[in-house]
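One file, model.pdb, carrying PDB, C-alpha atoms:
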```
ATOM      1  CA  PHE A  22      29.239  26.856 134.296  1.00  0.00           C
ATOM      2  CA  PHE A  23      26.743  24.255 133.207  1.00  0.00           C
ATOM      3  CA  SER A  24      27.044  21.855 130.315  1.00  0.00           C
ATOM      4  CA  ARG A  25      24.142  21.426 127.926  1.00  0.00           C
ATOM      5  CA  GLY A  26      21.454  19.116 129.211  1.00  0.00           C
ATOM      6  CA  VAL A  27      22.690  19.222 132.828  1.00  0.00           C
ATOM      7  CA  ARG A  28      21.032  21.268 135.562  1.00  0.00           C
ATOM      8  CA  ALA A  29      22.505  21.877 139.031  1.00  0.00           C
ATOM      9  CA  THR A  30      20.317  22.268 142.109  1.00  0.00           C
ATOM     10  CA  HIS A  31      21.155  24.443 145.127  1.00  0.00           C
ATOM     11  CA  GLN A  32      22.820  22.479 147.977  1.00  0.00           C
ATOM     12  CA  HIS A  33      24.309  23.313 151.363  1.00  0.00           C
ATOM     13  CA  GLU A  34      28.028  24.088 151.469  1.00  0.00           C
ATOM     14  CA  GLY A  35      30.108  20.916 151.497  1.00  0.00           C
ATOM     15  CA  ALA A  36      27.309  18.711 150.208  1.00  0.00           C
ATOM     16  CA  PRO A  37      27.755  16.922 146.889  1.00  0.00           C
ATOM     17  CA  VAL A  38      26.153  18.661 143.916  1.00  0.00           C
ATOM     18  CA  LYS A  39      23.142  16.864 142.566  1.00  0.00           C
ATOM     19  CA  ARG A  40      22.990  16.682 138.769  1.00  0.00           C
ATOM     20  CA  GLU A  41      19.863  16.062 136.807  1.00  0.00           C
ATOM     21  CA  THR A  42      19.910  15.105 133.167  1.00  0.00           C
ATOM     22  CA  ASN A  43      17.076  16.420 131.000  1.00  0.00           C
ATOM     23  CA  GLN A  44      15.035  13.516 129.726  1.00  0.00           C
ATOM     24  CA  ILE A  45      14.100  13.505 126.051  1.00  0.00           C
ATOM     25  CA  MET A  46      10.487  12.452 125.720  1.00  0.00           C
ATOM     26  CA  GLU A  47       9.746   9.914 123.083  1.00  0.00           C
ATOM     27  CA  GLY A  48       6.981  10.402 120.584  1.00  0.00           C
ATOM     28  CA  PRO A  49       6.053  12.887 117.821  1.00  0.00           C
ATOM     29  CA  CYS A  50       7.012  16.533 118.323  1.00  0.00           C
ATOM     30  CA  ILE A  51       4.982  19.595 117.384  1.00  0.00           C
ATOM     31  CA  GLU A  52       6.790  20.022 114.076  1.00  0.00           C
ATOM     32  CA  GLU A  53       5.752  16.518 113.059  1.00  0.00           C
ATOM     33  CA  TYR A  54       2.157  17.426 113.750  1.00  0.00           C
ATOM     34  CA  LEU A  55       2.555  20.613 111.699  1.00  0.00           C
ATOM     35  CA  LEU A  56       3.713  18.548 108.746  1.00  0.00           C
ATOM     36  CA  ASP A  57       0.082  17.545 108.298  1.00  0.00           C
ATOM     37  CA  PRO A  58      -1.128  19.955 105.576  1.00  0.00           C
ATOM     38  CA  GLU A  59      -4.701  20.065 106.859  1.00  0.00           C
ATOM     39  CA  LEU A  60      -3.604  21.020 110.374  1.00  0.00           C
ATOM     40  CA  TYR A  61      -1.234  23.881 109.605  1.00  0.00           C
ATOM     41  CA  VAL A  62      -3.518  25.288 106.910  1.00  0.00           C
ATOM     42  CA  GLU A  63      -6.413  25.388 109.375  1.00  0.00           C
ATOM     43  CA  ILE A  64      -4.223  27.215 111.907  1.00  0.00           C
ATOM     44  CA  PHE A  65      -2.429  29.738 109.710  1.00  0.00           C
ATOM     45  CA  LYS A  66      -5.321  30.634 107.414  1.00  0.00           C
ATOM     46  CA  PHE A  67      -6.414  33.085 110.133  1.00  0.00           C
ATOM     47  CA  LEU A  68      -3.146  35.050 109.875  1.00  0.00           C
ATOM     48  CA  PRO A  69      -2.820  38.102 107.597  1.00  0.00           C
ATOM     49  CA  GLY A  70      -0.862  37.470 104.421  1.00  0.00           C
ATOM     50  CA  VAL A  71       1.956  39.711 105.618  1.00  0.00           C
ATOM     51  CA  GLU A  72       2.447  37.411 108.620  1.00  0.00           C
ATOM     52  CA  VAL A  73       2.544  34.311 106.422  1.00  0.00           C
ATOM     53  CA  ALA A  74       5.061  35.935 104.089  1.00  0.00           C
ATOM     54  CA  GLY A  75       7.137  37.464 106.884  1.00  0.00           C
ATOM     55  CA  ASN A  76       7.178  36.161 110.447  1.00  0.00           C
ATOM     56  CA  PHE A  77       5.693  32.765 109.672  1.00  0.00           C
ATOM     57  CA  ARG A  78       8.372  31.788 107.175  1.00  0.00           C
ATOM     58  CA  LEU A  79      11.222  32.876 109.475  1.00  0.00           C
ATOM     59  CA  VAL A  80      10.426  30.355 112.221  1.00  0.00           C
ATOM     60  CA  CYS A  81      12.234  27.390 110.669  1.00  0.00           C
ATOM     61  CA  LYS A  82      12.953  25.664 107.363  1.00  0.00           C
ATOM     62  CA  VAL A  83       9.811  23.545 107.585  1.00  0.00           C
ATOM     63  CA  TRP A  84       7.577  26.583 108.048  1.00  0.00           C
ATOM     64  CA  LYS A  85       9.426  28.412 105.279  1.00  0.00           C
ATOM     65  CA  GLU A  86       8.441  25.630 102.902  1.00  0.00           C
ATOM     66  CA  ARG A  87       4.875  25.687 104.193  1.00  0.00           C
ATOM     67  CA  ALA A  88       4.692  29.445 103.590  1.00  0.00           C
ATOM     68  CA  ARG A  89       4.807  28.743  99.842  1.00  0.00           C
ATOM     69  CA  ASP A  90       1.916  26.272  99.887  1.00  0.00           C
ATOM     70  CA  GLU A  91      -0.695  27.317  97.329  1.00  0.00           C
ATOM     71  CA  VAL A  92      -3.546  25.910  99.415  1.00  0.00           C
ATOM     72  CA  LEU A  93      -2.634  28.341 102.180  1.00  0.00           C
ATOM     73  CA  TRP A  94      -2.214  31.319  99.841  1.00  0.00           C
ATOM     74  CA  ARG A  95      -5.556  30.650  98.211  1.00  0.00           C
ATOM     75  CA  LEU A  96      -7.147  30.949 101.659  1.00  0.00           C
ATOM     76  CA  VAL A  97      -5.151  34.150 102.304  1.00  0.00           C
ATOM     77  CA  CYS A  98      -6.476  35.643  99.049  1.00  0.00           C
ATOM     78  CA  SER A  99     -10.074  34.582  99.724  1.00  0.00           C
ATOM     79  CA  PRO A 100     -11.135  37.669 101.793  1.00  0.00           C
ATOM     80  CA  PHE A 101      -9.779  40.032  99.107  1.00  0.00           C
ATOM     81  CA  TRP A 102     -11.085  38.242  96.000  1.00  0.00           C
ATOM     82  CA  PRO A 103     -13.762  35.747  97.116  1.00  0.00           C
ATOM     83  CA  LYS A 104     -15.163  35.066  93.630  1.00  0.00           C
ATOM     84  CA  LEU A 105     -11.755  34.219  92.174  1.00  0.00           C
ATOM     85  CA  SER A 106     -10.928  32.062  95.180  1.00  0.00           C
ATOM     86  CA  ARG A 107     -14.150  30.055  94.863  1.00  0.00           C
ATOM     87  CA  LYS A 108     -13.657  29.517  91.135  1.00  0.00           C
ATOM     88  CA  GLY A 109      -9.926  28.842  91.497  1.00  0.00           C
ATOM     89  CA  THR A 110      -9.149  31.441  88.809  1.00  0.00           C
ATOM     90  CA  LEU A 111      -5.691  33.027  88.792  1.00  0.00           C
ATOM     91  CA  ARG A 112      -6.120  35.093  85.632  1.00  0.00           C
ATOM     92  CA  LYS A 113      -2.741  36.547  84.627  1.00  0.00           C
ATOM     93  CA  PHE A 114      -0.945  35.634  87.860  1.00  0.00           C
ATOM     94  CA  LYS A 115       1.426  32.681  88.217  1.00  0.00           C
ATOM     95  CA  SER A 116       0.178  31.638  91.662  1.00  0.00           C
ATOM     96  CA  TRP A 117      -2.042  32.735  94.552  1.00  0.00           C
ATOM     97  CA  ARG A 118       1.037  34.028  96.341  1.00  0.00           C
ATOM     98  CA  ASP A 119       1.955  36.052  93.259  1.00  0.00           C
ATOM     99  CA  MET A 120      -1.570  37.479  93.141  1.00  0.00           C
ATOM    100  CA  PHE A 121      -1.403  38.585  96.772  1.00  0.00           C
ATOM    101  CA  PHE A 122       1.845  40.500  96.277  1.00  0.00           C
ATOM    102  CA  ARG A 123       1.122  42.007  92.863  1.00  0.00           C
ATOM    103  CA  ARG A 124      -2.606  42.697  92.676  1.00  0.00           C
ATOM    104  CA  PRO A 125      -3.603  45.993  94.374  1.00  0.00           C
ATOM    105  CA  HIS A 126      -5.762  45.587  97.480  1.00  0.00           C
ATOM    106  CA  VAL A 127      -6.536  47.376 100.723  1.00  0.00           C
ATOM    107  CA  ARG A 128      -5.288  45.886 103.983  1.00  0.00           C
ATOM    108  CA  PHE A 129      -7.567  44.454 106.682  1.00  0.00           C
ATOM    109  CA  ASP A 130      -4.918  44.052 109.394  1.00  0.00           C
ATOM    110  CA  GLY A 131      -4.826  47.689 110.501  1.00  0.00           C
ATOM    111  CA  VAL A 132      -6.170  51.223 110.181  1.00  0.00           C
ATOM    112  CA  TYR A 133      -5.064  53.754 107.546  1.00  0.00           C
ATOM    113  CA  VAL A 134      -4.242  57.100 109.159  1.00  0.00           C
ATOM    114  CA  LEU A 135      -3.724  60.519 107.568  1.00  0.00           C
ATOM    115  CA  GLU A 136      -2.258  63.258 109.749  1.00  0.00           C
ATOM    116  CA  LYS A 137      -2.888  66.849 108.753  1.00  0.00           C
ATOM    117  CA  THR A 138      -0.808  69.544 110.467  1.00  0.00           C
ATOM    118  CA  TYR A 139      -1.339  73.305 110.336  1.00  0.00           C
ATOM    119  CA  TRP A 140      -0.233  76.399 112.253  1.00  0.00           C
ATOM    120  CA  LYS A 141      -2.667  78.678 114.058  1.00  0.00           C
ATOM    121  CA  THR A 142      -2.107  82.111 115.603  1.00  0.00           C
ATOM    122  CA  CYS A 143      -4.015  82.750 118.802  1.00  0.00           C
ATOM    123  CA  THR A 144      -4.055  85.222 121.688  1.00  0.00           C
ATOM    124  CA  VAL A 145      -2.956  84.000 125.115  1.00  0.00           C
ATOM    125  CA  GLY A 146      -2.796  85.640 128.538  1.00  0.00           C
ATOM    126  CA  ASP A 147      -5.218  87.724 130.598  1.00  0.00           C
ATOM    127  CA  HIS A 148      -6.615  91.230 130.177  1.00  0.00           C
ATOM    128  CA  MET A 149      -3.459  92.716 131.717  1.00  0.00           C
ATOM    129  CA  SER A 150      -1.002  91.179 129.273  1.00  0.00           C
ATOM    130  CA  LEU A 151      -2.071  89.674 125.994  1.00  0.00           C
ATOM    131  CA  GLU A 152       0.358  87.948 123.662  1.00  0.00           C
ATOM    132  CA  ARG A 153      -0.037  86.463 120.223  1.00  0.00           C
ATOM    133  CA  GLU A 154       1.339  82.979 119.878  1.00  0.00           C
ATOM    134  CA  THR A 155       1.609  80.552 116.956  1.00  0.00           C
ATOM    135  CA  VAL A 156       0.771  76.957 117.840  1.00  0.00           C
ATOM    136  CA  LYS A 157       0.959  73.715 115.898  1.00  0.00           C
ATOM    137  CA  CYS A 158      -2.344  71.877 115.458  1.00  0.00           C
ATOM    138  CA  SER A 159      -3.101  68.427 114.060  1.00  0.00           C
ATOM    139  CA  TYR A 160      -6.134  66.390 113.120  1.00  0.00           C
ATOM    140  CA  TYR A 161      -6.405  62.862 111.766  1.00  0.00           C
ATOM    141  CA  ARG A 162      -8.490  60.985 109.240  1.00  0.00           C
ATOM    142  CA  TYR A 163      -8.971  57.261 109.907  1.00  0.00           C
ATOM    143  CA  LEU A 164     -10.021  54.565 107.445  1.00  0.00           C
ATOM    144  CA  ARG A 165     -10.544  50.915 108.282  1.00  0.00           C
ATOM    145  CA  PHE A 166     -11.571  48.508 105.534  1.00  0.00           C
ATOM    146  CA  PHE A 167     -13.544  45.284 105.956  1.00  0.00           C
ATOM    147  CA  PRO A 168     -13.755  42.194 103.704  1.00  0.00           C
ATOM    148  CA  ASP A 169     -17.533  42.664 103.242  1.00  0.00           C
ATOM    149  CA  GLY A 170     -17.047  45.925 101.296  1.00  0.00           C
ATOM    150  CA  GLN A 171     -17.747  48.239 104.221  1.00  0.00           C
ATOM    151  CA  VAL A 172     -15.413  50.934 105.516  1.00  0.00           C
ATOM    152  CA  ALA A 173     -15.263  52.809 108.830  1.00  0.00           C
ATOM    153  CA  TYR A 174     -14.242  56.483 108.759  1.00  0.00           C
ATOM    154  CA  ALA A 175     -13.491  59.021 111.476  1.00  0.00           C
ATOM    155  CA  LEU A 176     -12.169  62.593 111.595  1.00  0.00           C
ATOM    156  CA  LEU A 177     -10.663  63.238 115.033  1.00  0.00           C
ATOM    157  CA  ASN A 178      -8.176  65.342 116.951  1.00  0.00           C
ATOM    158  CA  HIS A 179      -6.931  62.323 118.889  1.00  0.00           C
ATOM    159  CA  GLU A 180      -3.618  60.639 118.061  1.00  0.00           C
ATOM    160  CA  PRO A 181      -3.644  57.071 116.659  1.00  0.00           C
ATOM    161  CA  LYS A 182      -2.312  55.461 119.851  1.00  0.00           C
ATOM    162  CA  ARG A 183      -5.458  56.623 121.683  1.00  0.00           C
ATOM    163  CA  VAL A 184      -8.137  55.616 119.194  1.00  0.00           C
ATOM    164  CA  LEU A 185      -6.975  52.752 116.957  1.00  0.00           C
ATOM    165  CA  ASP A 186      -8.630  50.107 119.121  1.00  0.00           C
ATOM    166  CA  TRP A 187     -12.117  51.565 118.734  1.00  0.00           C
ATOM    167  CA  ILE A 188     -12.124  52.442 115.022  1.00  0.00           C
ATOM    168  CA  HIS A 189     -14.833  49.954 114.090  1.00  0.00           C
ATOM    169  CA  LYS A 190     -18.366  49.925 112.722  1.00  0.00           C
ATOM    170  CA  GLY A 191     -20.141  50.070 116.080  1.00  0.00           C
ATOM    171  CA  HIS A 192     -18.606  53.197 117.609  1.00  0.00           C
ATOM    172  CA  ARG A 193     -20.704  56.377 117.789  1.00  0.00           C
ATOM    173  CA  SER A 194     -17.863  58.611 116.496  1.00  0.00           C
ATOM    174  CA  VAL A 195     -17.294  56.477 113.404  1.00  0.00           C
ATOM    175  CA  GLY A 196     -19.157  56.772 110.116  1.00  0.00           C
ATOM    176  CA  VAL A 197     -19.801  53.661 108.032  1.00  0.00           C
ATOM    177  CA  GLY A 198     -19.873  53.487 104.249  1.00  0.00           C
ATOM    178  CA  ARG A 199     -18.877  51.423 101.250  1.00  0.00           C
ATOM    179  CA  TYR A 200     -15.697  51.148  99.197  1.00  0.00           C
ATOM    180  CA  LYS A 201     -14.717  49.711  95.837  1.00  0.00           C
ATOM    181  CA  VAL A 202     -11.266  48.822  94.514  1.00  0.00           C
ATOM    182  CA  LYS A 203     -10.591  49.120  90.790  1.00  0.00           C
ATOM    183  CA  LYS A 204      -7.001  48.448  89.772  1.00  0.00           C
ATOM    184  CA  ARG A 205      -4.987  50.932  91.880  1.00  0.00           C
ATOM    185  CA  GLU A 206      -7.895  53.233  92.681  1.00  0.00           C
ATOM    186  CA  VAL A 207     -10.112  53.028  95.754  1.00  0.00           C
ATOM    187  CA  GLU A 208     -13.456  54.845  95.888  1.00  0.00           C
ATOM    188  CA  VAL A 209     -14.913  55.493  99.337  1.00  0.00           C
ATOM    189  CA  GLN A 210     -18.369  56.847 100.128  1.00  0.00           C
ATOM    190  CA  VAL A 211     -19.296  57.439 103.775  1.00  0.00           C
ATOM    191  CA  ASP A 212     -22.288  59.021 105.516  1.00  0.00           C
ATOM    192  CA  VAL A 213     -20.766  61.246 108.229  1.00  0.00           C
ATOM    193  CA  GLY A 214     -24.127  62.530 109.473  1.00  0.00           C
ATOM    194  CA  TYR A 215     -24.166  66.069 108.123  1.00  0.00           C
ATOM    195  CA  MET A 216     -23.099  65.132 104.581  1.00  0.00           C
ATOM    196  CA  MET A 217     -22.081  62.284 102.308  1.00  0.00           C
ATOM    197  CA  LEU A 218     -18.281  62.192 101.991  1.00  0.00           C
ATOM    198  CA  TYR A 219     -16.655  60.927  98.804  1.00  0.00           C
ATOM    199  CA  MET A 220     -12.966  60.064  98.498  1.00  0.00           C
ATOM    200  CA  LYS A 221     -10.941  58.821  95.582  1.00  0.00           C
ATOM    201  CA  LEU A 222      -7.656  57.240  96.655  1.00  0.00           C
ATOM    202  CA  LYS A 223      -4.672  55.687  94.936  1.00  0.00           C
ATOM    203  CA  LEU A 224      -2.930  52.571  96.236  1.00  0.00           C
ATOM    204  CA  PHE A 225       0.853  52.492  96.460  1.00  0.00           C
ATOM    205  CA  LYS A 226       2.585  49.119  96.305  1.00  0.00           C
ATOM    206  CA  ARG A 227       5.282  50.280  98.739  1.00  0.00           C
ATOM    207  CA  GLU A 228       5.350  48.020 101.826  1.00  0.00           C
ATOM    208  CA  LEU A 229       2.566  45.868 100.391  1.00  0.00           C
ATOM    209  CA  PHE A 230      -0.070  48.546  99.736  1.00  0.00           C
ATOM    210  CA  SER A 231       0.279  50.223 103.133  1.00  0.00           C
ATOM    211  CA  GLN A 232      -0.113  53.754 101.686  1.00  0.00           C
ATOM    212  CA  LEU A 233      -3.095  55.561 100.180  1.00  0.00           C
ATOM    213  CA  LYS A 234      -2.825  58.870  98.382  1.00  0.00           C
ATOM    214  CA  VAL A 235      -5.894  61.145  98.347  1.00  0.00           C
ATOM    215  CA  MET A 236      -6.698  62.156  94.770  1.00  0.00           C
ATOM    216  CA  ARG A 237     -10.132  63.656  95.314  1.00  0.00           C
ATOM    217  CA  LEU A 238     -12.207  64.702  98.341  1.00  0.00           C
ATOM    218  CA  GLU A 239     -15.764  65.993  98.120  1.00  0.00           C
ATOM    219  CA  GLY A 240     -18.851  66.449 100.270  1.00  0.00           C
ATOM    220  CA  LEU A 241     -22.428  66.058  99.042  1.00  0.00           C
ATOM    221  CA  ASP A 242     -25.185  67.855 100.964  1.00  0.00           C
ATOM    222  CA  LYS A 243     -28.715  68.520  99.647  1.00  0.00           C
ATOM    223  CA  GLY A 244     -27.595  68.042  96.069  1.00  0.00           C
ATOM    224  CA  GLU A 245     -24.659  70.443  96.335  1.00  0.00           C
ATOM    225  CA  VAL A 246     -21.110  69.174  95.867  1.00  0.00           C
ATOM    226  CA  THR A 247     -18.386  70.846  97.929  1.00  0.00           C
ATOM    227  CA  PRO A 248     -14.773  70.087  96.940  1.00  0.00           C
ATOM    228  CA  PHE A 249     -12.205  70.050  99.735  1.00  0.00           C
ATOM    229  CA  PRO A 250      -8.491  70.813  99.311  1.00  0.00           C
ATOM    230  CA  VAL A 251      -6.264  67.766  98.930  1.00  0.00           C
ATOM    231  CA  GLY A 252      -2.791  67.871 100.447  1.00  0.00           C
ATOM    232  CA  ILE A 253       0.274  65.805  99.745  1.00  0.00           C
ATOM    233  CA  GLU A 254       0.003  63.782 102.943  1.00  0.00           C
ATOM    234  CA  PRO A 255      -0.896  60.103 102.338  1.00  0.00           C
ATOM    235  CA  PHE A 256      -2.679  57.620 104.550  1.00  0.00           C
ATOM    236  CA  TYR A 257      -0.256  55.263 106.303  1.00  0.00           C
ATOM    237  CA  LEU A 258      -1.285  51.867 107.590  1.00  0.00           C
ATOM    238  CA  HIS A 259      -1.036  51.397 111.355  1.00  0.00           C
ATOM    239  CA  ARG A 260      -1.162  47.694 112.070  1.00  0.00           C
ATOM    240  CA  VAL A 261      -3.295  46.602 114.994  1.00  0.00           C
ATOM    241  CA  GLN A 262      -2.676  43.281 116.726  1.00  0.00           C
ATOM    242  CA  ARG A 263      -6.246  42.802 117.953  1.00  0.00           C
ATOM    243  CA  MET A 264      -8.867  44.055 115.556  1.00  0.00           C
ATOM    244  CA  LYS A 265     -12.432  44.283 116.931  1.00  0.00           C
TER     245      LYS A 265
END
```
As structure tokens, please, write out the structure in this file.
Amino acid sequence: FFSRGVRATHQHEGAPVKRETNQIMEGPCIEEYLLDPELYVEIFKFLPGVEVAGNFRLVCKVWKERARDEVLWRLVCSPFWPKLSRKGTLRKFKSWRDMFFRRPHVRFDGVYVLEKTYWKTCTVGDHMSLERETVKCSYYRYLRFFPDGQVAYALLNHEPKRVLDWIHKGHRSVGVGRYKVKKREVEVQVDVGYMMLYMKLKLFKRELFSQLKVMRLEGLDKGEVTPFPVGIEPFYLHRVQRMK
């Protein structure tokens, strides 16, 4: 076995074992640099709020204390409520951190996905032997929100693991529209090419607003409004590590 701080190197049989002691380098360590408020704020302001509140604060005691810094949380809140952040207005909230956790908002660190499943009866086989078979089918609605008020929408048969990376405003299969958040309600209007799609959604605070419930779904084409059935399935947030 090896004691702490001592490393043994491989030697020929019978030769004395060489021992090397790890040298401790003098000078400031990385944590001392991170104690500088300007430095760590500049680094961690690019992280989503859920990372600051979760993984960031679990690293060590120093970072746990930094995770409560109001300067950092004001920067975290800035993409969601830019006017309040510029004015420094908290309204009814005790702190910027309190605002982030309590005030309803859509997430920018992932894509909301709704899976719709249905059963379909079809005929399989050749002309010699035909059989009727019931198969399970699924399609998916995708919503990705952006800080500038735009939203990307797609209706696809592909599973999330295949398409999450290219749900963005520049892809040919994705429609782009606008959204507005009012209290716990989110209104989405997207041009999907053959009609204007309107959705009214409700934010759920569970897991920091990672669920959206469809309350209303309509299509507008040539002045005619077509209501679509609304199921009980909600949108669930699928976090994406690298957002394009």
Which of these residues is nearest to Arg107 (chain A), using all atoms listed in the file: A:Lys157, A:Arg124, A:Arg95, A:Lys182?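 Closest residue, counting all atoms listed in the file: A:Arg95.
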Proximity of region 67-159 of chain A to region 220-239 of chain A: per-residue shortest pair, 10 Å limit, all atoms listed in the file, as JSON lines:
```
{"residue": "A:Gly70", "atom": "CA", "partner": "A:Leu229", "partner_atom": "CA", "distance": 9.9}
{"residue": "A:Val71", "atom": "CA", "partner": "A:Leu229", "partner_atom": "CA", "distance": 8.1}
{"residue": "A:Phe121", "atom": "CA", "partner": "A:Leu229", "partner_atom": "CA", "distance": 9.0}
{"residue": "A:Phe122", "atom": "CA", "partner": "A:Leu229", "partner_atom": "CA", "distance": 6.8}
{"residue": "A:Arg123", "atom": "CA", "partner": "A:Lys226", "partner_atom": "CA", "distance": 8.0}
{"residue": "A:Arg124", "atom": "CA", "partner": "A:Lys226", "partner_atom": "CA", "distance": 9.0}
{"residue": "A:Pro125", "atom": "CA", "partner": "A:Leu224", "partner_atom": "CA", "distance": 6.9}
{"residue": "A:His126", "atom": "CA", "partner": "A:Phe230", "partner_atom": "CA", "distance": 6.8}
{"residue": "A:Val127", "atom": "CA", "partner": "A:Phe230", "partner_atom": "CA", "distance": 6.6}
{"residue": "A:Arg128", "atom": "CA", "partner": "A:Ser231", "partner_atom": "CA", "distance": 7.1}
{"residue": "A:Gly131", "atom": "CA", "partner": "A:Ser231", "partner_atom": "CA", "distance": 9.3}
{"residue": "A:Val132", "atom": "CA", "partner": "A:Ser231", "partner_atom": "CA", "distance": 9.6}
{"residue": "A:Tyr133", "atom": "CA", "partner": "A:Gln232", "partner_atom": "CA", "distance": 7.7}
{"residue": "A:Val134", "atom": "CA", "partner": "A:Gln232", "partner_atom": "CA", "distance": 9.2}
{"residue": "A:Leu135", "atom": "CA", "partner": "A:Leu233", "partner_atom": "CA", "distance": 8.9}
```
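Comparing A:Trp84, A:Trp102, A:Phe114, A:Tyr163 by their smallest distance to Phe256 (chain A), the closest is A:Tyr163 (using only C-alpha atoms).
When only C-alpha atoms are used to measure the gap to Pro181 (chain A), the shortest distance among A:Tyr139, A:Tyr160, A:Phe166, A:Phe129 belongs to A:Tyr160.
Here CA of Gly191 (chain A) stands at a distance of 9.2 Å from CA of Ala173 (chain A).
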For this structure, which residues satisfy the selection - the PyMOL selection byres ((chain A and resi 242) around 8) - when it is evaluated on the file as given? I want them as a ChimeraX atom specification. /A:215-217,240-241,243-246
Just to be explicit: take each residue in the selection above, keep C-alpha atoms, and write the result as an mmCIF file, in the frame of the given file.
```
data_model
loop_
_atom_site.group_PDB
_atom_site.id
_atom_site.type_symbol
_atom_site.label_atom_id
_atom_site.label_comp_id
_atom_site.auth_asym_id
_atom_site.auth_seq_id
_atom_site.Cartn_x
_atom_site.Cartn_y
_atom_site.Cartn_z
ATOM 1 C CA TYR A 215 -24.166 66.069 108.123
ATOM 2 C CA MET A 216 -23.099 65.132 104.581
ATOM 3 C CA MET A 217 -22.081 62.284 102.308
ATOM 4 C CA GLY A 240 -18.851 66.449 100.270
ATOM 5 C CA LEU A 241 -22.428 66.058 99.042
ATOM 6 C CA LYS A 243 -28.715 68.520 99.647
ATOM 7 C CA GLY A 244 -27.595 68.042 96.069
ATOM 8 C CA GLU A 245 -24.659 70.443 96.335
ATOM 9 C CA VAL A 246 -21.110 69.174 95.867
#
```
Report as a ChimeraX atom specification all protein, DNA and RNA residues lying within 12 Å of Glu136 (chain A), evaluated on only C-alpha atoms, omitting residues in the same chain fewer than 6 positions from it. /A:158-164,176-181,252-258
Selected residue, from A:Leu185, A:Thr138, A:Gln210, A:Val156, that lies nearest to Gln171 (chain A) when counting only C-alpha atoms: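 When distances to Gln171 (chain A) are compared using only C-alpha atoms, the smallest one comes from A:Gln210.
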Nearby residues (only C-alpha atoms) at most 12 Å from Thr110 (chain A), same-chain spacing under 5 positions excluded, as an MDAnalysis selection string: chainID A and resid 95 98:99 102:105 115:117 120
Option closest in space to Asp130 (chain A), from A:Arg165, A:Arg183, A:Arg89, A:Val202 [counting all atoms listed in the file]: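 Smallest separation from Asp130 (chain A) among the options: A:Arg165.
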Mind giving me the straight-line distance from CA of Ser194 (chain A) to CA of Thr155 (chain A) in Å, one decimal? 29.3 Å
Just how far from CA of Phe101 (chain A) is CA of Val83 (chain A), in Å to one decimal? 27.0 Å
Go through A:Lys137, A:Tyr174, A:Glu208, A:Leu111 and flag the residue nearest His192 (chain A), using only C-alpha atoms for the distances.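 Using only C-alpha atoms, the shortest distance to His192 (chain A) belongs to A:Tyr174.
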Name every residue that the PyMOL selection byres ((chain A and resi 154) around 7) selects in this structure, writing the answer as a list in words with chains first and numbers rising.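 When the PyMOL selection byres ((chain A and resi 154) around 7) is applied to the shown file, the picked residues are Thr142, Cys143, Thr144, Val145, Glu152, Arg153, Thr155 and Val156 of chain A.
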